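One file, model_25.txt, is given below (compact mmCIF, C-alpha atoms).
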# COMPACT_ATOMS: atom_id res chain seq x y z
CA MET E 1 -150.90 52.73 -219.12
CA HIS E 2 -148.46 49.88 -219.08
CA ALA E 3 -145.87 51.11 -221.57
CA ARG E 4 -143.73 48.76 -223.55
CA ARG E 5 -140.28 48.63 -222.07
CA SER E 6 -136.75 48.38 -223.34
CA ASP E 7 -135.34 44.87 -223.60
CA VAL E 8 -132.40 45.71 -221.40
CA ALA E 9 -133.26 47.12 -218.05
CA GLY E 10 -131.85 49.78 -215.82
CA GLY E 11 -129.58 52.79 -216.21
CA PRO E 12 -129.90 55.84 -218.46
CA ALA E 13 -132.16 55.79 -221.47
CA PRO E 14 -130.69 53.99 -224.48
CA VAL E 15 -130.01 55.84 -227.70
CA SER E 16 -131.47 54.00 -230.67
CA ASP E 17 -128.88 52.58 -233.03
CA THR E 18 -129.10 53.42 -236.71
CA ALA E 19 -130.47 50.85 -239.11
CA GLY E 20 -127.13 50.63 -240.88
CA ASP E 21 -125.23 49.43 -237.83
CA PRO E 22 -123.55 46.06 -238.34
CA ALA E 23 -125.05 43.10 -236.55
CA PRO E 24 -123.23 42.00 -233.40
CA GLU E 25 -121.16 38.83 -233.36
CA PRO E 26 -123.36 35.76 -232.83
CA HIS E 27 -121.96 35.13 -229.34
CA ARG E 28 -122.52 38.68 -228.15
CA LEU E 29 -125.26 39.35 -225.64
CA PRO E 30 -127.72 42.13 -226.54
CA ARG E 31 -127.25 45.17 -224.32
CA VAL E 32 -127.47 48.92 -224.25
CA THR E 33 -124.34 50.13 -226.03
CA SER E 34 -124.79 53.91 -225.89
CA PHE E 35 -126.63 56.19 -223.54
CA ARG E 36 -127.96 59.64 -223.05
CA THR E 37 -129.12 60.98 -219.72
CA ARG E 38 -132.88 61.17 -219.41
CA ARG E 39 -133.79 63.91 -216.94
CA SER E 40 -137.24 62.61 -216.13
CA THR E 41 -138.95 64.81 -213.58
CA LEU E 42 -140.18 63.19 -210.40
CA SER E 43 -143.06 64.61 -208.44
CA ALA E 44 -142.22 66.20 -205.12
CA GLY E 45 -143.56 63.14 -203.33
CA GLN E 46 -141.60 60.74 -205.52
CA GLN E 47 -138.41 62.74 -204.99
CA GLU E 48 -138.91 62.74 -201.24
CA THR E 49 -139.44 58.99 -201.24
CA TRP E 50 -136.46 58.47 -203.55
CA ASP E 51 -134.16 60.46 -201.27
CA ARG E 52 -135.40 58.58 -198.22
CA ARG E 53 -135.67 54.99 -199.47
CA TRP E 54 -133.33 54.59 -202.47
CA PRO E 55 -130.13 54.30 -200.36
CA GLU E 56 -131.72 51.35 -198.57
CA LEU E 57 -133.66 49.66 -201.35
CA GLY E 58 -131.85 50.62 -204.57
CA MET E 59 -128.48 50.50 -206.26
CA GLN E 60 -126.82 51.13 -209.60
CA ALA E 61 -125.59 48.12 -211.58
CA ARG E 62 -122.35 50.04 -212.23
CA ASP E 63 -120.42 52.37 -209.95
CA ASP E 64 -119.30 55.91 -210.70
CA ASP E 65 -116.30 54.57 -212.64
CA SER E 66 -118.64 52.44 -214.78
CA LYS E 67 -117.36 49.25 -213.19
CA PRO E 68 -120.03 46.58 -212.71
CA VAL E 69 -121.15 45.62 -209.26
CA VAL E 70 -120.18 41.97 -208.82
CA ASN E 71 -121.49 39.13 -206.68
CA LEU E 72 -124.51 40.81 -205.13
CA ASP E 73 -125.05 39.58 -201.56
CA THR E 74 -128.82 39.28 -201.47
CA THR E 75 -128.79 37.77 -197.98
CA ALA E 76 -127.17 40.92 -196.60
CA TRP E 77 -129.32 43.27 -198.72
CA PHE E 78 -132.64 41.69 -197.76
CA GLY E 79 -131.53 40.74 -194.26
CA ARG E 80 -132.52 37.12 -194.72
CA SER E 81 -131.90 34.02 -196.82
CA ALA E 82 -134.79 33.38 -199.22
CA PRO E 83 -135.43 32.34 -202.84
CA VAL E 84 -134.51 35.19 -205.21
CA VAL E 85 -136.40 36.19 -208.34
CA LEU E 86 -134.89 38.63 -210.86
CA GLU E 87 -137.33 40.70 -212.93
CA ILE E 88 -135.75 42.29 -216.00
CA GLY E 89 -137.62 45.38 -217.19
CA SER E 90 -139.95 46.05 -214.28
CA GLY E 91 -141.36 49.28 -215.77
CA THR E 92 -143.52 51.05 -213.21
CA GLY E 93 -143.67 47.87 -211.15
CA THR E 94 -147.35 46.90 -211.32
CA SER E 95 -146.59 43.19 -211.70
CA THR E 96 -143.50 43.40 -209.49
CA LEU E 97 -145.40 44.74 -206.49
CA ALA E 98 -148.44 42.47 -206.83
CA MET E 99 -146.40 39.29 -207.24
CA ALA E 100 -144.03 40.19 -204.38
CA MET E 101 -146.96 40.91 -202.07
CA ALA E 102 -148.51 37.55 -202.99
CA GLU E 103 -145.26 35.75 -202.12
CA PRO E 104 -143.73 37.37 -199.02
CA ASP E 105 -141.29 34.47 -198.63
CA VAL E 106 -139.67 35.25 -202.02
CA ASP E 107 -137.20 38.12 -202.50
CA VAL E 108 -137.53 40.09 -205.76
CA VAL E 109 -134.79 42.12 -207.45
CA ALA E 110 -136.36 44.43 -210.03
CA VAL E 111 -134.13 45.84 -212.80
CA GLU E 112 -135.19 48.84 -214.87
CA VAL E 113 -133.58 51.46 -217.11
CA TYR E 114 -135.75 54.43 -216.31
CA ARG E 115 -135.59 56.35 -213.03
CA LYS E 116 -139.21 57.47 -213.37
CA GLY E 117 -140.44 53.87 -213.39
CA LEU E 118 -138.22 52.95 -210.47
CA ALA E 119 -139.48 55.98 -208.54
CA GLN E 120 -143.10 54.92 -209.11
CA LEU E 121 -142.34 51.41 -207.87
CA LEU E 122 -140.36 52.75 -204.91
CA SER E 123 -143.28 54.97 -203.89
CA ALA E 124 -145.68 52.03 -204.15
CA ILE E 125 -143.35 49.89 -202.03
CA ASP E 126 -143.20 52.64 -199.41
CA ARG E 127 -146.99 53.07 -199.30
CA ALA E 128 -147.64 49.33 -199.06
CA GLY E 129 -144.89 48.63 -196.55
CA VAL E 130 -143.50 45.82 -198.70
CA THR E 131 -140.13 44.48 -197.52
CA ASN E 132 -139.20 41.86 -200.13
CA ILE E 133 -138.36 44.03 -203.18
CA ARG E 134 -135.03 45.65 -204.06
CA LEU E 135 -134.32 47.81 -207.13
CA VAL E 136 -131.37 47.93 -209.52
CA ARG E 137 -130.89 50.64 -212.12
CA GLY E 138 -128.73 49.21 -214.89
CA ASP E 139 -128.50 46.94 -217.90
CA GLY E 140 -130.30 43.64 -217.40
CA VAL E 141 -127.59 41.58 -219.04
CA ASP E 142 -124.99 43.37 -216.90
CA VAL E 143 -126.92 42.32 -213.83
CA LEU E 144 -127.15 38.70 -214.96
CA GLU E 145 -123.48 38.55 -215.91
CA HIS E 146 -121.92 40.24 -212.91
CA MET E 147 -124.28 40.45 -209.95
CA PHE E 148 -125.46 36.83 -209.86
CA GLY E 149 -123.53 33.58 -210.05
CA SER E 150 -124.45 30.17 -211.41
CA GLU E 151 -127.51 28.54 -209.82
CA SER E 152 -128.22 31.58 -207.62
CA LEU E 153 -131.74 32.46 -208.82
CA THR E 154 -135.04 30.70 -208.26
CA GLY E 155 -136.74 32.64 -211.03
CA VAL E 156 -136.24 35.15 -213.85
CA ARG E 157 -139.19 37.18 -215.15
CA VAL E 158 -139.25 39.12 -218.42
CA PHE E 159 -142.64 40.70 -219.04
CA PHE E 160 -143.43 42.60 -222.25
CA PRO E 161 -139.90 43.21 -223.52
CA ASP E 162 -139.55 45.38 -226.61
CA PRO E 163 -140.28 43.10 -229.61
CA TRP E 164 -138.21 45.14 -232.10
CA PRO E 165 -140.73 44.16 -234.79
CA LYS E 166 -138.71 45.15 -237.87
CA ALA E 167 -136.65 42.27 -239.22
CA ARG E 168 -133.45 44.33 -239.34
CA HIS E 169 -133.82 45.04 -235.61
CA HIS E 170 -134.42 41.46 -234.43
CA LYS E 171 -130.80 41.21 -233.33
CA ARG E 172 -131.60 43.73 -230.59
CA ARG E 173 -134.18 41.51 -228.92
CA LEU E 174 -133.23 40.54 -225.39
CA LEU E 175 -134.28 36.90 -225.47
CA GLN E 176 -131.69 35.55 -227.87
CA PRO E 177 -129.94 32.16 -227.45
CA ALA E 178 -126.94 33.65 -225.62
CA THR E 179 -129.10 35.51 -223.10
CA VAL E 180 -131.40 32.54 -222.50
CA ALA E 181 -128.31 30.36 -221.96
CA LEU E 182 -127.04 32.89 -219.40
CA ILE E 183 -130.42 32.91 -217.65
CA ALA E 184 -130.44 29.10 -217.59
CA ASP E 185 -127.00 29.07 -216.01
CA ARG E 186 -128.09 31.52 -213.30
CA LEU E 187 -131.19 29.49 -212.43
CA ARG E 188 -130.91 26.82 -209.80
CA PRO E 189 -132.21 23.34 -210.75
CA GLY E 190 -135.99 23.62 -210.78
CA GLY E 191 -135.81 27.39 -211.24
CA ILE E 192 -138.24 29.18 -213.57
CA LEU E 193 -137.91 31.45 -216.59
CA HIS E 194 -141.25 33.22 -217.12
CA ALA E 195 -141.70 35.47 -220.14
CA ALA E 196 -144.81 37.24 -221.43
CA THR E 197 -145.38 39.12 -224.67
CA ASP E 198 -148.32 40.42 -226.70
CA HIS E 199 -146.34 40.33 -229.96
CA ALA E 200 -147.07 37.12 -231.89
CA GLY E 201 -143.81 37.15 -233.84
CA TYR E 202 -141.71 37.68 -230.74
CA ALA E 203 -143.67 34.95 -228.94
CA GLU E 204 -142.69 32.50 -231.67
CA HIS E 205 -139.08 33.62 -231.45
CA ILE E 206 -138.97 33.29 -227.63
CA ALA E 207 -140.59 29.85 -227.83
CA GLU E 208 -138.02 28.62 -230.33
CA VAL E 209 -135.09 29.98 -228.35
CA GLY E 210 -136.31 28.66 -225.01
CA ASP E 211 -137.17 25.22 -226.37
CA ALA E 212 -133.71 24.97 -227.95
CA GLU E 213 -131.90 25.63 -224.66
CA PRO E 214 -130.83 22.18 -223.36
CA LEU E 215 -130.90 23.22 -219.68
CA LEU E 216 -134.60 24.15 -219.86
CA ARG E 217 -137.85 22.25 -220.30
CA ARG E 218 -141.20 23.83 -221.12
CA VAL E 219 -143.86 23.81 -218.39
CA THR E 220 -147.30 25.37 -218.02
CA GLN E 221 -149.03 27.46 -215.39
CA ASP E 222 -150.80 24.30 -214.26
CA THR E 223 -147.59 22.36 -213.59
CA ASP E 224 -147.42 21.21 -209.97
CA GLY E 225 -144.54 21.78 -207.60
CA LEU E 226 -143.01 24.91 -209.14
CA PRO E 227 -141.05 27.07 -206.67
CA ILE E 228 -142.64 30.45 -207.49
CA SER E 229 -146.05 31.72 -208.51
CA LEU E 230 -146.83 32.17 -212.20
CA GLN E 231 -149.96 34.22 -211.57
CA ARG E 232 -149.11 37.52 -213.22
CA PRO E 233 -151.66 40.31 -212.62
CA VAL E 234 -153.45 41.87 -215.56
CA THR E 235 -152.01 45.34 -216.08
CA LYS E 236 -153.82 48.51 -217.21
CA TYR E 237 -152.12 48.05 -220.59
CA GLU E 238 -153.68 44.62 -220.98
CA GLN E 239 -157.09 45.80 -219.76
CA LYS E 240 -157.15 48.42 -222.50
CA ALA E 241 -156.04 45.87 -225.10
CA LEU E 242 -158.36 43.00 -224.23
CA ALA E 243 -159.94 43.22 -227.67
CA GLY E 244 -156.52 43.40 -229.28
CA PRO E 245 -153.45 41.14 -229.31
CA ASP E 246 -153.41 38.06 -227.09
CA VAL E 247 -150.76 37.78 -224.39
CA THR E 248 -148.58 34.69 -224.61
CA GLU E 249 -147.10 33.30 -221.40
CA LEU E 250 -143.93 31.26 -221.93
CA ILE E 251 -142.53 29.27 -219.03
CA TRP E 252 -139.53 26.99 -218.64
CA GLU E 253 -138.09 25.05 -215.72
CA LYS E 254 -134.37 24.36 -215.37
CA ARG E 255 -133.69 20.66 -215.57
CA ALA E 256 -132.34 18.99 -212.45
Please express what this file holds, its structure, as structure tokens.
Amino acid sequence: MHARRSDVAGGPAPVSDTAGDPAPEPHRLPRVTSFRTRRSTLSAGQQETWDRRWPELGMQARDDDSKPVVNLDTTAWFGRSAPVVLEIGSGTGTSTLAMAMAEPDVDVVAVEVYRKGLAQLLSAIDRAGVTNIRLVRGDGVDVLEHMFGSESLTGVRVFFPDPWPKARHHKRRLLQPATVALIADRLRPGGILHAATDHAGYAEHIAEVGDAEPLLRRVTQDTDGLPISLQRPVTKYEQKALAGPDVTELIWEKRA
């Protein structure tokens, strides 16, 4: 089942804040602020693949001293110069793998919090022999802030982020004005922000925030000349929920 994911991707599992916590300052970017180690058990096969492939294909967003990795050299990491797409919250990687396989000329950096999800994606990459995916375990905003510079990304994908449905928790949603502004800065002119959600209230919120960002303009899946594919595969989660909530696709292009 395609489980709903945390809004900020990568690193140890976040500890939920209490409802009485004060709201962050308006300019603050939502992020994981406290952690506990999640000792998720990998299968023997997943552990073997992790030990063999993670040093090549994966990295932590922060080093052992909790200092962020800065200015990621994707050309060196992938061994080529190609358009780069950042996926925040890749989960078990169903969409990540399918979309990367459909676009072998695009390099994908998948960011996720949970090691178990990364291990599942890593095993799938190994089985399929895919060469254009790299994995980062860490906070998605951390990755945007420190690992990528202005106009360095061709696309950013955020699929099924946690909607934080209770009103008092809306401040924890990832796609707030400050984060969308950061994404817009990291996109090159013509680059794409592609979000998907099955939560109607969050869809309205994302639409308002994206439409208000002056560097972005709304486009559709039928728009010609876009630099990356917008054809997201239907996940097992969606297949089970076909009679339930509709999925809203929200797409913006960075203005030239």
- Using only C-alpha atoms, which residues sit within 6 Å of stretch 196-205 of chain E once same-chain residues fewer than 5 positions away are excluded, as a list in words?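 Counting only C-alpha atoms, the residues come to Phe159, Phe160, Pro163, Pro245, Asp246, Val247, Thr248 and Glu249 of chain E.
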- From atom CA of E:Arg173 to atom CA of E:Asn132 the spacing works out at 29.2 Å
- Item | Contacts of E:Pro189 at 7 Å (all atoms listed in the file; same-chain gap of 2+ positions) as a ChimeraX atom specification | /E:187,191,254-256
- In Å, rounded to a single decimal, give me how far atom CA of E:Ile206 is from atom CA of E:Thr220.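 For atom CA of E:Thr220 relative to atom CA of E:Ile206, the distance reads 15.0 Å.
Pairwise distance (atom CA of E:Gln176, atom CA of E:Gly210) equals 8.8 Å.
In terms of minimum interatomic distance to E:Leu174, E:Val141 ranks closest within E:Val141, E:Val156, E:Val219, E:Leu72, counting all atoms listed in the file.
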- Query: Which residue gives the smallest distance to E:Pro83 among E:Asp105, E:Asp211, E:Asp64, E:Glu151, with only C-alpha atoms counted?
  - Reply: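 Ranking E:Asp105, E:Asp211, E:Asp64, E:Glu151 by distance to E:Pro83, first place goes to E:Asp105.
For the choices E:His146, E:Arg186, E:His194, E:Arg52, the atom-to-atom distance to E:Arg217 is smallest for E:His194 when using only C-alpha atoms.
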- Which residues come within 8 Å of E:Pro68, counting all atoms listed in the file, excluding same-chain residues fewer than 6 positions away, as a PyMOL selection string? chain E and resi 61-62+142+146-147
Using C-alpha atoms, can you export the residues from the last selection as a CSV table (one decimal), in the coordinates of the input?
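And here is the file that came out, selection22.csv:
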chain,number,residue,atom,x,y,z
E,61,ALA,CA,-125.6,48.1,-211.6
E,62,ARG,CA,-122.4,50.0,-212.2
E,142,ASP,CA,-125.0,43.4,-216.9
E,146,HIS,CA,-121.9,40.2,-212.9
E,147,MET,CA,-124.3,40.4,-210.0
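Shortest atom-to-atom contact with E:Ser152 among E:Ser43, E:Thr75, E:Thr49, E:Gln221: E:Thr75, counting all atoms listed in the file.
By chain and then residue number, the residues within 12 Å of E:Ala102 are Ser95, Thr96, Leu97, Ala98, Met99, Ala100, Pro104, Asp105, Val106, Asp107, Val108, Val130, Asn132, Ile228, Ser229, Leu230, Gln231, Arg232 and Pro233 of chain E, counting all atoms listed in the file and disregarding those fewer than 2 positions away in sequence.
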- Starting from the point (-130.3, 27.0, -220.7), work out which residues of protein, DNA or RNA have an atom no more than 6 Å away when counting only C-alpha atoms; state them as a ChimeraX atom specification. /E:180-181,184,213-216
